[in-house]
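For reference, structure-v2.txt (compact mmCIF, C-alpha atoms):
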# COMPACT_ATOMS: atom_id res chain seq x y z
CA MET E 1 -73.24 -12.30 -165.11
CA HIS E 2 -74.06 -10.50 -161.91
CA SER E 3 -76.37 -10.79 -158.95
CA LYS E 4 -79.24 -8.50 -158.24
CA SER E 5 -82.00 -8.33 -155.67
CA PHE E 6 -85.32 -9.94 -156.52
CA PHE E 7 -88.39 -10.00 -154.31
CA CYS E 8 -90.13 -13.20 -153.24
CA TRP E 9 -93.19 -12.85 -151.08
CA SER E 10 -94.03 -14.18 -147.66
CA LEU E 11 -97.01 -13.97 -145.36
CA PHE E 12 -94.91 -12.81 -142.45
CA THR E 13 -93.98 -15.22 -139.69
CA SER E 14 -96.39 -13.57 -137.28
CA LEU E 15 -98.97 -16.07 -138.44
CA ALA E 16 -96.72 -18.90 -137.32
CA THR E 17 -97.46 -17.81 -133.77
CA ALA E 18 -101.22 -17.58 -134.24
CA ARG E 19 -103.04 -18.90 -131.17
CA TRP E 20 -106.50 -20.37 -130.86
CA ILE E 21 -108.33 -19.04 -127.80
CA PRO E 22 -110.54 -21.78 -126.32
CA LYS E 23 -114.23 -21.38 -126.81
CA GLU E 24 -116.12 -19.75 -123.98
CA ASN E 25 -119.56 -21.16 -123.31
CA GLU E 26 -119.40 -22.97 -126.66
CA GLY E 27 -118.96 -19.69 -128.51
CA ALA E 28 -116.89 -19.20 -131.63
CA SER E 29 -113.12 -19.50 -131.39
CA PHE E 30 -110.87 -16.43 -131.34
CA ILE E 31 -107.50 -16.60 -133.12
CA ARG E 32 -104.72 -14.21 -132.10
CA VAL E 33 -101.57 -13.31 -134.04
CA ALA E 34 -98.26 -11.95 -132.77
CA ASP E 35 -98.60 -8.45 -131.32
CA GLU E 36 -95.94 -6.86 -133.51
CA HIS E 37 -97.70 -7.85 -136.74
CA ARG E 38 -101.34 -7.34 -135.78
CA VAL E 39 -103.45 -4.90 -137.77
CA PRO E 40 -104.96 -2.95 -134.85
CA GLY E 41 -108.71 -3.31 -134.59
CA MET E 42 -109.12 -5.37 -137.78
CA TYR E 43 -110.61 -8.87 -137.76
CA ILE E 44 -111.64 -11.66 -140.14
CA VAL E 45 -114.95 -13.33 -139.28
CA LYS E 46 -115.60 -16.80 -140.75
CA MET E 47 -119.15 -18.13 -140.84
CA LYS E 48 -119.93 -21.80 -140.28
CA ASP E 49 -120.37 -24.13 -143.23
CA GLY E 50 -124.01 -24.14 -144.23
CA PHE E 51 -124.55 -20.45 -143.50
CA SER E 52 -126.66 -19.27 -146.42
CA SER E 53 -127.15 -15.51 -146.42
CA PHE E 54 -126.24 -12.44 -144.40
CA SER E 55 -129.69 -11.03 -145.15
CA ALA E 56 -131.25 -13.74 -142.97
CA ASP E 57 -129.42 -12.46 -139.89
CA GLU E 58 -130.03 -8.81 -139.01
CA THR E 59 -126.91 -8.63 -136.82
CA MET E 60 -124.72 -9.98 -139.62
CA LEU E 61 -126.37 -7.70 -142.16
CA ALA E 62 -125.46 -4.69 -140.04
CA HIS E 63 -121.85 -5.86 -139.82
CA VAL E 64 -121.34 -6.46 -143.54
CA ALA E 65 -122.91 -3.10 -144.44
CA ASP E 66 -119.66 -1.31 -143.54
CA ALA E 67 -117.20 -4.22 -143.83
CA LYS E 68 -113.85 -3.72 -145.56
CA HIS E 69 -114.34 -7.02 -147.40
CA THR E 70 -117.27 -9.43 -147.65
CA TYR E 71 -116.54 -13.06 -148.51
CA SER E 72 -119.37 -14.91 -150.23
CA SER E 73 -118.00 -17.94 -152.07
CA THR E 74 -119.73 -21.24 -151.33
CA GLY E 75 -117.10 -22.58 -148.93
CA PHE E 76 -115.94 -19.37 -147.25
CA LYS E 77 -118.55 -16.89 -146.13
CA GLY E 78 -117.62 -14.07 -143.82
CA PHE E 79 -116.24 -10.55 -143.70
CA ALA E 80 -113.35 -8.39 -142.55
CA LYS E 81 -113.83 -5.16 -140.62
CA SER E 82 -112.85 -3.08 -137.63
CA LEU E 83 -114.44 -4.38 -134.43
CA ASN E 84 -114.49 -3.34 -130.78
CA GLU E 85 -114.46 -5.78 -127.87
CA THR E 86 -118.25 -5.68 -127.46
CA SER E 87 -118.78 -6.57 -131.11
CA ILE E 88 -116.21 -9.36 -130.93
CA GLN E 89 -117.92 -10.99 -127.99
CA ALA E 90 -121.33 -10.63 -129.63
CA LEU E 91 -120.03 -12.27 -132.79
CA ARG E 92 -118.43 -15.11 -130.83
CA ALA E 93 -121.80 -15.73 -129.22
CA ASN E 94 -123.58 -15.83 -132.59
CA PRO E 95 -124.32 -19.49 -133.48
CA ASN E 96 -123.55 -18.85 -137.16
CA VAL E 97 -119.94 -17.75 -136.55
CA GLU E 98 -117.15 -20.36 -136.72
CA TYR E 99 -114.26 -18.13 -135.62
CA VAL E 100 -112.96 -14.58 -135.36
CA GLN E 101 -109.30 -14.09 -136.36
CA GLU E 102 -107.10 -11.04 -135.91
CA ASP E 103 -105.86 -9.62 -139.20
CA SER E 104 -102.11 -9.29 -139.70
CA THR E 105 -99.66 -7.53 -141.98
CA PHE E 106 -97.94 -9.29 -144.87
CA HIS E 107 -94.37 -8.45 -145.86
CA LEU E 108 -91.70 -9.38 -148.37
CA TYR E 109 -88.06 -10.41 -148.09
CA ASP E 110 -85.08 -10.29 -150.42
CA TYR E 111 -83.84 -13.29 -152.30
CA SER E 112 -80.75 -13.56 -154.45
CA ALA E 113 -80.92 -13.78 -158.23
CA GLN E 114 -78.59 -14.04 -161.21
CA GLU E 115 -79.05 -12.77 -164.70
CA ASN E 116 -78.53 -14.99 -167.74
CA ALA E 117 -78.61 -18.26 -165.80
CA PRO E 118 -79.00 -21.26 -168.14
CA TYR E 119 -81.91 -23.10 -166.52
CA GLY E 120 -85.65 -23.06 -167.33
CA VAL E 121 -88.82 -25.05 -167.82
CA ALA E 122 -87.28 -27.54 -170.28
CA ARG E 123 -86.53 -29.89 -167.37
CA ILE E 124 -90.18 -30.90 -166.96
CA SER E 125 -90.41 -32.34 -170.50
CA HIS E 126 -87.59 -34.88 -170.03
CA ARG E 127 -87.10 -37.78 -167.65
CA ASN E 128 -83.38 -37.10 -167.43
CA ARG E 129 -81.68 -33.74 -166.98
CA GLY E 130 -79.34 -32.17 -169.49
CA ASP E 131 -81.66 -31.52 -172.45
CA ASN E 132 -82.51 -27.85 -172.95
CA THR E 133 -85.34 -28.45 -175.43
CA TYR E 134 -88.89 -27.93 -174.20
CA VAL E 135 -91.06 -30.61 -175.84
CA ARG E 136 -94.82 -30.18 -175.59
CA ASP E 137 -98.15 -30.58 -177.37
CA GLU E 138 -99.30 -27.66 -179.53
CA SER E 139 -102.47 -27.27 -177.45
CA ASP E 140 -100.24 -25.36 -175.01
CA GLY E 141 -102.95 -24.58 -172.44
CA GLU E 142 -105.35 -23.02 -174.95
CA GLY E 143 -108.80 -22.45 -173.51
CA THR E 144 -107.58 -22.20 -169.92
CA CYS E 145 -107.13 -19.22 -167.60
CA VAL E 146 -104.56 -18.82 -164.83
CA TYR E 147 -105.18 -16.32 -162.03
CA VAL E 148 -101.84 -14.96 -160.78
CA ILE E 149 -102.59 -13.79 -157.23
CA ASP E 150 -99.55 -11.64 -156.64
CA THR E 151 -98.20 -8.11 -157.29
CA GLY E 152 -99.90 -7.65 -160.64
CA ILE E 153 -98.60 -8.30 -164.16
CA LYS E 154 -96.99 -6.02 -166.73
CA ILE E 155 -99.69 -6.99 -169.20
CA ASP E 156 -98.09 -5.20 -172.16
CA HIS E 157 -94.85 -7.15 -171.90
CA PRO E 158 -94.26 -8.37 -175.47
CA ASP E 159 -93.59 -11.92 -174.32
CA PHE E 160 -97.22 -12.33 -173.20
CA GLY E 161 -98.46 -11.82 -176.75
CA GLY E 162 -101.60 -10.02 -175.65
CA ARG E 163 -102.76 -12.93 -173.44
CA ALA E 164 -102.28 -11.09 -170.11
CA SER E 165 -104.96 -8.82 -168.67
CA TRP E 166 -106.02 -7.19 -165.42
CA ALA E 167 -108.72 -9.06 -163.54
CA ALA E 168 -108.91 -7.45 -160.08
CA ASN E 169 -106.96 -5.25 -157.69
CA PHE E 170 -107.24 -5.67 -153.92
CA ALA E 171 -104.11 -3.67 -153.09
CA ASP E 172 -104.40 -0.11 -154.41
CA ASP E 173 -105.67 2.03 -157.27
CA GLU E 174 -102.70 1.38 -159.57
CA ASP E 175 -103.06 -1.41 -162.11
CA ILE E 176 -99.32 -1.85 -162.46
CA ASP E 177 -96.81 -4.38 -161.20
CA GLY E 178 -94.67 -2.05 -159.14
CA ALA E 179 -92.36 -4.74 -157.79
CA GLY E 180 -92.02 -7.34 -160.54
CA HIS E 181 -92.81 -10.56 -158.71
CA GLY E 182 -96.17 -11.15 -160.41
CA THR E 183 -94.75 -10.49 -163.87
CA PHE E 184 -91.96 -12.99 -163.17
CA VAL E 185 -94.44 -15.61 -161.95
CA ALA E 186 -96.81 -15.05 -164.88
CA GLY E 187 -93.94 -15.46 -167.32
CA ILE E 188 -93.16 -18.91 -165.92
CA VAL E 189 -96.81 -19.92 -166.18
CA GLY E 190 -97.36 -18.87 -169.76
CA SER E 191 -95.04 -16.41 -171.52
CA ASN E 192 -93.97 -17.18 -175.08
CA SER E 193 -90.27 -17.58 -174.28
CA TYR E 194 -90.24 -18.87 -170.70
CA GLY E 195 -93.68 -20.30 -170.00
CA VAL E 196 -95.07 -23.79 -169.64
CA ALA E 197 -98.54 -23.14 -171.10
CA LYS E 198 -97.91 -20.70 -173.94
CA LYS E 199 -101.54 -20.22 -174.98
CA THR E 200 -103.23 -19.81 -171.59
CA GLN E 201 -104.85 -16.54 -170.56
CA LEU E 202 -102.96 -14.82 -167.72
CA LEU E 203 -105.14 -12.88 -165.26
CA ALA E 204 -103.58 -10.38 -162.87
CA VAL E 205 -105.08 -10.34 -159.37
CA LYS E 206 -103.10 -7.79 -157.39
CA VAL E 207 -102.90 -8.28 -153.62
CA PHE E 208 -99.56 -6.62 -152.79
CA ARG E 209 -99.05 -2.88 -152.95
CA ASN E 210 -96.05 -1.58 -154.83
CA ASP E 211 -94.03 -1.37 -151.61
CA GLY E 212 -94.62 -5.07 -151.00
CA THR E 213 -97.14 -4.78 -148.16
CA THR E 214 -100.66 -6.09 -147.76
CA ASP E 215 -102.90 -7.71 -145.17
CA GLY E 216 -104.38 -11.17 -144.82
CA SER E 217 -107.96 -10.04 -145.27
CA SER E 218 -107.15 -8.62 -148.72
CA ILE E 219 -105.56 -11.87 -149.88
CA ILE E 220 -108.60 -13.80 -148.68
CA ALA E 221 -110.82 -11.29 -150.49
CA ALA E 222 -108.89 -11.96 -153.70
CA ILE E 223 -109.24 -15.73 -153.31
CA ASP E 224 -112.97 -15.33 -152.62
CA TRP E 225 -113.32 -13.12 -155.71
CA VAL E 226 -111.57 -15.67 -157.93
CA ALA E 227 -113.92 -18.41 -156.70
CA GLN E 228 -116.85 -16.35 -157.97
CA ASP E 229 -115.27 -14.90 -161.10
CA ALA E 230 -114.16 -18.30 -162.39
CA GLN E 231 -117.79 -19.42 -162.60
CA THR E 232 -118.59 -16.91 -165.34
CA ARG E 233 -115.29 -16.19 -167.09
CA ASP E 234 -114.79 -17.67 -170.57
CA CYS E 235 -112.25 -20.40 -169.78
CA PRO E 236 -113.77 -23.48 -171.43
CA LYS E 237 -110.92 -25.84 -170.56
CA GLY E 238 -110.67 -24.82 -166.90
CA THR E 239 -109.18 -22.39 -164.38
CA VAL E 240 -105.98 -22.39 -162.32
CA ALA E 241 -104.80 -20.10 -159.53
CA ASN E 242 -101.17 -19.64 -158.50
CA LEU E 243 -100.17 -18.40 -155.05
CA SER E 244 -96.41 -17.90 -154.83
CA LEU E 245 -96.76 -16.67 -151.26
CA GLY E 246 -96.96 -18.20 -147.84
CA GLY E 247 -96.37 -17.86 -144.13
CA GLY E 248 -97.15 -19.35 -140.75
CA LYS E 249 -100.07 -21.75 -140.60
CA ASN E 250 -103.44 -20.05 -140.16
CA GLN E 251 -106.96 -21.33 -140.50
CA ALA E 252 -108.54 -18.50 -142.49
CA SER E 253 -105.97 -18.73 -145.29
CA ASN E 254 -106.37 -22.50 -145.59
CA ASP E 255 -110.16 -22.32 -145.49
CA ALA E 256 -110.25 -19.73 -148.26
CA VAL E 257 -108.02 -21.85 -150.50
CA ALA E 258 -110.11 -24.95 -149.79
CA ALA E 259 -113.24 -23.06 -150.82
CA LEU E 260 -111.59 -22.03 -154.09
CA VAL E 261 -110.64 -25.64 -154.80
CA ASN E 262 -114.14 -26.83 -153.97
CA ALA E 263 -115.50 -24.25 -156.41
CA GLY E 264 -113.55 -25.97 -159.20
CA THR E 265 -110.27 -24.05 -159.59
CA PHE E 266 -106.95 -25.90 -159.52
CA VAL E 267 -104.91 -24.11 -156.84
CA VAL E 268 -101.11 -24.33 -156.81
CA VAL E 269 -99.11 -22.97 -153.87
CA ALA E 270 -95.44 -22.60 -153.04
CA SER E 271 -94.17 -24.67 -150.11
CA GLY E 272 -91.91 -21.86 -148.82
CA ASN E 273 -88.25 -20.87 -148.77
CA ASP E 274 -87.24 -21.53 -145.15
CA ASN E 275 -85.80 -25.07 -145.46
CA ALA E 276 -88.47 -26.17 -142.98
CA ASP E 277 -91.50 -28.44 -142.77
CA ALA E 278 -94.18 -26.95 -145.04
CA GLY E 279 -96.83 -28.37 -142.72
CA GLY E 280 -96.26 -25.33 -140.52
CA TYR E 281 -97.10 -22.86 -143.30
CA SER E 282 -100.20 -21.55 -145.04
CA PRO E 283 -101.52 -22.02 -147.59
CA ALA E 284 -98.91 -24.75 -148.21
CA SER E 285 -100.47 -26.92 -145.49
CA GLU E 286 -103.94 -26.87 -147.11
CA LEU E 287 -104.30 -30.46 -148.30
CA SER E 288 -106.65 -29.69 -151.19
CA ALA E 289 -104.10 -27.35 -152.78
CA CYS E 290 -101.23 -28.69 -154.90
CA THR E 291 -98.13 -27.79 -152.87
CA VAL E 292 -94.85 -27.42 -154.75
CA SER E 293 -91.25 -27.55 -153.54
CA ALA E 294 -88.15 -26.51 -155.48
CA SER E 295 -85.31 -28.52 -157.02
CA ASP E 296 -82.07 -27.16 -158.46
CA GLU E 297 -80.16 -27.68 -161.71
CA ASN E 298 -78.53 -30.85 -160.34
CA ASP E 299 -81.85 -32.51 -159.51
CA ALA E 300 -81.26 -31.96 -155.82
CA LYS E 301 -83.50 -30.38 -153.23
CA ALA E 302 -82.89 -26.63 -153.46
CA GLU E 303 -81.19 -25.66 -150.22
CA TYR E 304 -83.86 -23.08 -149.37
CA SER E 305 -86.91 -25.19 -150.22
CA ASN E 306 -89.42 -26.31 -147.62
CA PHE E 307 -90.30 -30.01 -147.46
CA GLY E 308 -92.54 -32.44 -145.57
CA SER E 309 -95.56 -34.68 -145.93
CA VAL E 310 -97.82 -31.92 -147.29
CA VAL E 311 -95.61 -31.47 -150.39
CA ASP E 312 -97.29 -32.93 -153.47
CA ILE E 313 -94.67 -32.39 -156.17
CA TRP E 314 -91.26 -30.85 -156.93
CA ALA E 315 -90.39 -28.56 -159.84
CA PRO E 316 -87.31 -26.57 -160.85
CA GLY E 317 -86.96 -23.44 -158.75
CA SER E 318 -83.33 -22.38 -158.94
CA ASN E 319 -82.03 -19.92 -161.54
CA ILE E 320 -85.30 -19.77 -163.45
CA GLN E 321 -85.47 -17.23 -166.26
CA SER E 322 -88.69 -15.33 -166.89
CA THR E 323 -90.25 -12.01 -167.80
CA SER E 324 -89.29 -8.82 -165.98
CA TYR E 325 -91.48 -5.85 -165.15
CA ASP E 326 -89.09 -3.60 -167.07
CA GLY E 327 -90.13 -5.32 -170.30
CA THR E 328 -87.06 -7.57 -170.55
CA SER E 329 -86.18 -10.78 -168.68
CA THR E 330 -84.60 -11.72 -165.38
CA THR E 331 -83.56 -14.84 -163.48
CA ALA E 332 -84.39 -15.74 -159.89
CA SER E 333 -84.72 -18.63 -157.46
CA GLY E 334 -87.33 -19.80 -154.97
CA THR E 335 -90.45 -21.87 -154.57
CA SER E 336 -92.11 -18.76 -156.02
CA ALA E 337 -90.63 -20.01 -159.30
CA SER E 338 -91.39 -23.72 -158.92
CA SER E 339 -95.07 -23.15 -158.09
CA PRO E 340 -95.94 -21.41 -161.41
CA ILE E 341 -94.22 -24.22 -163.33
CA VAL E 342 -96.83 -26.59 -161.88
CA ALA E 343 -99.61 -24.03 -162.38
CA GLY E 344 -98.62 -23.87 -166.05
CA LEU E 345 -98.45 -27.66 -166.18
CA GLY E 346 -101.98 -27.84 -164.75
CA ALA E 347 -103.26 -25.52 -167.49
CA TYR E 348 -101.35 -27.53 -170.12
CA LEU E 349 -102.92 -30.82 -168.97
CA LEU E 350 -106.43 -29.34 -168.77
CA ALA E 351 -106.16 -28.32 -172.42
CA LEU E 352 -104.49 -31.55 -173.53
CA GLU E 353 -106.42 -34.17 -171.57
CA GLY E 354 -109.69 -32.46 -170.69
CA GLY E 355 -111.27 -31.22 -167.51
CA ARG E 356 -110.58 -32.76 -164.10
CA ASP E 357 -111.54 -32.10 -160.52
CA PRO E 358 -108.74 -29.92 -159.03
CA VAL E 359 -107.61 -32.58 -156.56
CA ALA E 360 -107.65 -35.19 -159.34
CA LEU E 361 -105.52 -32.90 -161.49
CA CYS E 362 -102.87 -32.70 -158.77
CA ASP E 363 -103.04 -36.50 -158.55
CA ARG E 364 -102.53 -36.69 -162.33
CA ILE E 365 -99.44 -34.49 -162.08
CA LYS E 366 -98.09 -36.79 -159.39
CA GLU E 367 -98.90 -39.83 -161.54
CA LEU E 368 -96.94 -38.41 -164.49
CA SER E 369 -93.97 -37.31 -162.38
CA THR E 370 -90.45 -38.72 -162.54
CA GLN E 371 -90.04 -40.74 -159.36
CA GLY E 372 -86.96 -41.01 -157.17
CA VAL E 373 -84.69 -38.81 -159.31
CA LEU E 374 -84.03 -36.08 -156.75
CA THR E 375 -81.29 -36.12 -154.12
CA ASN E 376 -81.28 -34.72 -150.57
CA VAL E 377 -85.05 -35.07 -150.22
CA PRO E 378 -86.03 -35.91 -146.60
CA ASP E 379 -87.51 -39.35 -146.00
CA ASP E 380 -90.94 -37.99 -145.07
CA THR E 381 -91.28 -36.08 -148.35
CA VAL E 382 -92.40 -37.36 -151.75
CA ASN E 383 -89.57 -37.69 -154.30
CA ALA E 384 -91.40 -36.78 -157.49
CA LEU E 385 -90.28 -34.25 -160.12
CA ALA E 386 -92.95 -32.68 -162.35
CA PHE E 387 -93.08 -34.08 -165.91
CA ASN E 388 -95.46 -33.11 -168.72
CA GLY E 389 -95.87 -36.57 -170.27
CA ASN E 390 -93.66 -36.02 -173.31
CA PRO E 391 -93.93 -39.41 -175.10
CA SER E 392 -90.27 -39.33 -176.11
CA GLY E 393 -89.27 -38.86 -172.49

Exercise: express the given structure as C-alpha cells:
Amino acid sequence: MHSKSFFCWSLFTSLATARWIPKENEGASFIRVADEHRVPGMYIVKMKDGFSSFSADETMLAHVADAKHTYSSTGFKGFAKSLNETSIQALRANPNVEYVQEDSTFHLYDYSAQENAPYGVARISHRNRGDNTYVRDESDGEGTCVYVIDTGIKIDHPDFGGRASWAANFADDEDIDGAGHGTFVAGIVGSNSYGVAKKTQLLAVKVFRNDGTTDGSSIIAAIDWVAQDAQTRDCPKGTVANLSLGGGKNQASNDAVAALVNAGTFVVVASGNDNADAGGYSPASELSACTVSASDENDAKAEYSNFGSVVDIWAPGSNIQSTSYDGTSTTASGTSASSPIVAGLGAYLLALEGGRDPVALCDRIKELSTQGVLTNVPDDTVNALAFNGNPSG
C-alpha cells in the first residue's frame, strides 16, 4: 500500500475576501474579489428576480450579444463578459441589475490518498460500523440522472456499464477527464463496484480544464445549463447535481445553486476540507443545497472536514475507493468523496420512494440518518450520518 497524489478541487480562497461595495444612488451593488485572483476585465452581472427577457431591454440585449456566457434559468438571469468602467457604471445604474461581481480564477490543491484502503459506501447501509456489505433495494437509482459538475468523466470506464455520458463542456474542447477527479466522484455516485446508485445515469458536465483551472463564470454557466437541460432530459424519477468543489462565500455562486434547486434538481455540495466553519464557503453556505461533511472509518469527524450550522448531513469521506481515470480504481479522502455518497443516496431514494422537492429530499435524508453516532463533531453542527433505510439496519 502506498500513497499517491490525488486532486480535490477548490474555488480558490480569493472569494473568501470578496467585498460588497455599497450602492451609490441606489444603484446595483458591486462585488470585488482579491486582486491576485481577479480575472482582469471580466465580470458577472446578475439581474433582479422578476426580470423576464433581455430582448425587452435594448441595453441588455447589446451586452448579451457578445457575452462570454448568458445565464437564463428562471432564478438566475444574467451574463458574464468583459466590461470597461463606463459599462460597469451604466449597468449599476440599470434598475434591472441586482449586482455586478468581478470574476475570479479557480484552482486545485493536492490531497493525500492511499491505494487499496478498505473503506467504502457500505457504511451508509448499516446503523453500526464494521459490516462491509452494502445492502440496498434493487431499484438502485434507476430512472434518475446525476449531473457530475467537475473535471469530466471517463465514460468508457468498464465500471460504469455504459451508463456514463458527456452532457456539456464549459472548460475546453476536449471531452476527456484529464485530471481524474470527476471520474472518481462519478464512481462514488453510481459505478457498479463502488457506487451508491448503481443504475443511475451519470452525466459529465466539465468545468475544470485538464490543468485544474477554471473561472467562476464558467461554473455558473454550467449550473445554469443544468437547470435548463434537466427540464427536457429523460430522467423520469428525477435529477441530482453533485458539486464536489467550493471556496470562499460569494453571492453569485449561491444564487446560481439556489436557482438550480428551485428548478427542481436536488443539489449536493461538499462542505470543504479546511477544518473550518462551512458557513464561510460557497456553495456550501447555500441553504437550499444539501451540504455534506466527511466522517472517517472510526465514525469520527474527519480531521480535514468543515463543519457548522449549514451542514445538513455527514457521510464517509476518508479512504474511499472509486473509479480512476486510467480505467482502474483508486482511493482518496475529502468532502469531495462524501458529497457524491449523498448525491447517490438522493438518486437511490428518488427511485425507491418517488419524487420529492429537492429541499424535502434533503430533509428525508436527514430523517433517515443515524443520529448521534459520530465523535468530535462541534456542538453547533448536526450529528447525523447518512443511512439508506436498510430495514435490517

Point to revise | Counting all atoms listed in the file, the option among E:Lys366, E:Lys206, E:Arg123, E:Arg38 closest to Asn298 (chain E) | key: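 Answer, going by the shortest atom-to-atom distance: E:Arg123.
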
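CA of Ile220 (chain E) is positioned 6.5 Å from CA of Ser253 (chain E).
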
Revision key, fill the gap. Restricting to only C-alpha atoms, whichever of E:Gly216, E:Gly141, E:Gly152, E:Gly389 is closest to Val33 (chain E) is E:Gly216

Exercise for review: Rank E:Leu61, E:Ala252, E:Val121, E:Ala34 by their smallest atom-to-atom distance to Asn319 (chain E), using only C-alpha atoms, and report the top residue only.
Suggested key: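 Going through E:Leu61, E:Ala252, E:Val121, E:Ala34 one by one, the smallest distance to Asn319 (chain E) is for E:Val121.
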
Point to revise | Of the listed residues E:Ala28, E:Ile155, E:Val97, E:Ala300, that which approaches Thr59 (chain E) most closely, counting all atoms listed in the file | key: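 Looking at the shortest contact to Thr59 (chain E), the residue is E:Val97.
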
Point to revise | Point-to-point distance in Å for CA of Leu345 (chain E) and CA of Ile124 (chain E) | key: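 Taking CA of Ile124 (chain E) and CA of Leu345 (chain E), their separation equals 8.9 Å.
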
Point to revise | Spatial neighbours of Tyr99 (chain E), max dist 8 Å, all atoms listed in the file, sep filter under 2 positions, as a list of chain:residue names | key: E:Ala28, E:Ser29, E:Phe30, E:Ile31, E:Val45, E:Lys46, E:Met47, E:Arg92, E:Val97, E:Gln101

Review point. Which one of E:Asp380, E:Asp274, E:Glu138, E:Asp326 sits closest to Ser305 (chain E) if you count only C-alpha atoms?
Key: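 Nearest to Ser305 (chain E): E:Asp274.
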
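Here CA of Ser104 (chain E) is placed at a distance of 28.2 Å from CA of Gly317 (chain E).
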
Practice item. List every protein, DNA or RNA residue that has at least one atom no more than 9 Å from (-87.6, -26.5, -144.4) in the file's coordinates, counting all atoms listed in the file, and write the result as an MDAnalysis selection string. Key: chainID E and resid 271:278 303:308
